[in-house]
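For reference, the structure is listed below as structure tokens.
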Amino acid sequence: MQTTFLHTGGNSTLLLFFTGWASLPEQFRFLKPAAKEDVLICHDYTSTHWTLSLEHYKEIRLVAWSLGVWAASVVIKQYPTLKSKITEAIAINGTPLPVNNEYGIPEAIFRGTFEQLSVPNLHRFIRRMCENREGLHHFNNIPGDWQLTALQAELAAIYHRQKEPVAEDVFTQAVVSSDDRIFPTGNLLNYWQNRIPVIRLQTPHYPFYL
């Protein structure tokens, strides 16, 4: 796992954001911190080994998107001291079960994505993720430095480590998009709707153009 501070000022509150696959920290510079709040981006889940100390933060607001929901759940299970600092946790278009026919991305689709990954297929994935012109422009505002081999290795690692123990009770709210073509909307609702409050959005998988 890689971590990048977007905003830091020695504050006592942290916005901890776990991105999805095939996205870079620079693409989330639109995240504006609240007053006296740092912003830390987590990405690249080839490994979920956590080395960063966040002990000086008194409060953590957790936001996770897509496969970042799984990564956040694994990290917090491994490092429960983080959980004690979390005051709210929002899962956006993802679940702690990333490869699951009922609660995540169907296994055949997930496996096919990394086994058949190519430049055209990656671009096709991004179009499905963003769906509309506004979302695609927003996501591609900073061109991605895509390394196909690394992206493929990341998905394969998640696939083979998908059953690692996760913290299933960390999230306090879920956001589910009605036009999600990555995590099927029905699967997201299957997992979240009887667990925590759910906010519905009329957006594709990538909702941040809003």
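In the structure tokens, the first chain shown is A, the next is B, and so on; residue numbers restart at 1 for each chain, and ligands run from 1 in the order shown.
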
Selection: 9 Å around region 145-159 of chain A, only C-alpha atoms, excl. self and same-chain fewer than 6 positions, as a ChimeraX atom specification: /A:21-24,44-47,67,71,98-99,107,110-111,113-119,122

Excluding Leu97 (chain A) and its own-chain neighbours fewer than 2 positions away, which residues fall within 8 Å of it when counting only C-alpha atoms? Please give them as a list in words.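 So the residues in contact are Trp70, Thr95, Val99, Asn100, Tyr103, Gly104, Gln162 and Lys163 of chain A.
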
Compare A:His160, A:His49, A:Lys36, A:Arg124 by their minimum atom-to-atom distance to Ala72 (chain A), counting only C-alpha atoms, and give me the closest one. A:His49

Just the residues within 10 Å of Trp192 (chain A), please, counting only C-alpha atoms, with nothing from its chain fewer than 2 positions along; format it as a list in words.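 Surrounding residues, per the criterion: Ala91, Gly94, Thr95, Tyr103, Phe171, Gln173, Ala174, Val175, Val176, Asn187, Leu188, Leu189, Asn190, Asn194, Arg195, Ile196, Pro197 and Val198 of chain A.
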
Restrict the selected residues to C-alpha atoms and save them as a short mmCIF file (atom, residue, chain, number, x, y, z; two decimals), in the first residue's frame.
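So the final result, stored in part18.cif, reads:
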data_model
loop_
_atom_site.label_atom_id
_atom_site.label_comp_id
_atom_site.auth_asym_id
_atom_site.auth_seq_id
_atom_site.Cartn_x
_atom_site.Cartn_y
_atom_site.Cartn_z
CA ALA A 91 -18.15 3.52 2.15
CA GLY A 94 -17.76 -0.78 -2.54
CA THR A 95 -18.00 -3.49 0.11
CA TYR A 103 -22.12 -8.72 -2.32
CA PHE A 171 -18.43 1.94 8.40
CA GLN A 173 -22.76 5.13 6.31
CA ALA A 174 -22.78 3.81 2.76
CA VAL A 175 -23.20 5.62 -0.55
CA VAL A 176 -24.65 3.54 -3.40
CA ASN A 187 -24.96 -6.26 -4.79
CA LEU A 188 -24.05 -3.07 -2.95
CA LEU A 189 -27.58 -2.87 -1.54
CA ASN A 190 -27.53 -6.57 -0.65
CA ASN A 194 -29.68 -3.90 6.51
CA ARG A 195 -26.45 -2.85 8.22
CA ILE A 196 -26.07 0.93 8.14
CA PRO A 197 -27.84 3.96 6.64
CA VAL A 198 -27.56 4.12 2.84
#

Would you list the contacts of region 2-14 of chain A as a JSON list (two decimals) with N, CA and C atoms, in the first residue's frame, taking every protein, DNA or RNA residue within 7 Å and counting only C-alpha atoms, but skipping same-chain residues closer than 3 positions in sequence?
[["chain", "number", "residue", "atom", "x", "y", "z"],
["A", 25, "PRO", "N", -3.28, 9.50, -6.50],
["A", 25, "PRO", "CA", -3.57, 10.55, -5.51],
["A", 25, "PRO", "C", -3.84, 11.91, -6.13],
["A", 29, "ARG", "N", -7.10, 15.70, -5.69],
["A", 29, "ARG", "CA", -6.74, 16.98, -5.10],
["A", 29, "ARG", "C", -7.95, 17.89, -4.91],
["A", 36, "LYS", "N", -8.48, 22.93, 9.93],
["A", 36, "LYS", "CA", -7.60, 22.19, 10.84],
["A", 36, "LYS", "C", -7.70, 20.69, 10.62],
["A", 37, "GLU", "N", -7.62, 20.27, 9.34],
["A", 37, "GLU", "CA", -7.72, 18.85, 9.01],
["A", 37, "GLU", "C", -6.70, 18.50, 7.94],
["A", 38, "ASP", "N", -5.95, 17.43, 8.14],
["A", 38, "ASP", "CA", -5.03, 16.92, 7.13],
["A", 38, "ASP", "C", -5.77, 15.92, 6.24],
["A", 39, "VAL", "N", -5.23, 15.66, 5.04],
["A", 39, "VAL", "CA", -5.82, 14.70, 4.12],
["A", 39, "VAL", "C", -4.75, 13.70, 3.68],
["A", 40, "LEU", "N", -5.03, 12.42, 3.92],
["A", 40, "LEU", "CA", -4.10, 11.35, 3.54],
["A", 40, "LEU", "C", -4.79, 10.41, 2.56],
["A", 41, "ILE", "N", -4.15, 10.17, 1.41],
["A", 41, "ILE", "CA", -4.67, 9.27, 0.38],
["A", 41, "ILE", "C", -3.95, 7.93, 0.46],
["A", 42, "CYS", "N", -4.72, 6.83, 0.44],
["A", 42, "CYS", "CA", -4.16, 5.48, 0.39],
["A", 42, "CYS", "C", -4.49, 4.87, -0.97],
["A", 43, "HIS", "N", -3.52, 4.19, -1.57],
["A", 43, "HIS", "CA", -3.74, 3.60, -2.89],
["A", 43, "HIS", "C", -2.75, 2.46, -3.10],
["A", 44, "ASP", "N", -2.97, 1.71, -4.17],
["A", 44, "ASP", "CA", -2.16, 0.55, -4.55],
["A", 44, "ASP", "C", -2.24, -0.52, -3.47],
["A", 56, "HIS", "N", -0.54, 10.71, 16.45],
["A", 56, "HIS", "CA", -0.73, 12.09, 16.90],
["A", 56, "HIS", "C", -2.11, 12.65, 16.54],
["A", 57, "TYR", "N", -2.87, 11.91, 15.69],
["A", 57, "TYR", "CA", -4.23, 12.38, 15.36],
["A", 57, "TYR", "C", -5.21, 11.96, 16.44],
["A", 58, "LYS", "N", -6.01, 12.90, 16.86],
["A", 58, "LYS", "CA", -7.03, 12.60, 17.87],
["A", 58, "LYS", "C", -8.33, 12.11, 17.23],
["A", 59, "GLU", "N", -8.55, 12.47, 15.97],
["A", 59, "GLU", "CA", -9.80, 12.12, 15.29],
["A", 59, "GLU", "C", -9.50, 11.78, 13.84],
["A", 60, "ILE", "N", -10.12, 10.71, 13.34],
["A", 60, "ILE", "CA", -9.97, 10.31, 11.94],
["A", 60, "ILE", "C", -11.35, 10.18, 11.31],
["A", 61, "ARG", "N", -11.53, 10.85, 10.17],
["A", 61, "ARG", "CA", -12.73, 10.65, 9.35],
["A", 61, "ARG", "C", -12.32, 9.80, 8.17]]

Distance CA of Phe28 (chain A)-CA of Pro165 (chain A), one decimal place? 28.0 Å

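Running DSSP on the backbone gives strand (DSSP E) for these residues within region 24-119 of chain A: Glu37, Asp38, Val39, Leu40, Ile41, Cys42, His43, Glu59, Ile60, Arg61, Leu62, Val63, Ala64, Trp65, Ile86, Thr87, Glu88, Ala89, Ile90, Ala91 and Ile92 of chain A.
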
Nearest to Leu210 (chain A) by atom-to-atom distance, counting only C-alpha atoms, from A:Ser178, A:Phe139, A:Thr185, A:Leu16: A:Phe139

Shell of 12 Å around Cys130 (chain A), only C-alpha atoms, local chain residues under 4 positions omitted, as number ranges by chain: A: 123-126, 134-140, 177, 179-182, 203-210

Calculated over only C-alpha atoms, which of the candidates A:Gln202, A:Glu131, A:Phe183, A:Glu164 has the smallest distance to Ile109 (chain A)? A:Phe183

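In this model, the gap between CA of Met1 (chain A) and CA of Trp50 (chain A) comes to 7.0 Å.
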
Pick from A:Gln27, A:Val74, A:Thr87, A:Pro80 nearest to Leu15 (chain A), counting only C-alpha atoms: A:Thr87

Write out as a list in words which residues come within 10 Å of Glu55 (chain A) when counting only C-alpha atoms, dropping same-chain ones fewer than 5 positions away.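 Residues near the query, excluding close chain neighbours: Ser12, Thr81, Leu82 and Lys85 of chain A.
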
Which residues in region 11-210 of chain A does DSSP call helix (DSSP H, G or I)? List them as an MDAnalysis selection string. chainID A and resid 25:28 67:78 80:83 107:115 119:130 133:139 148:160 185:192
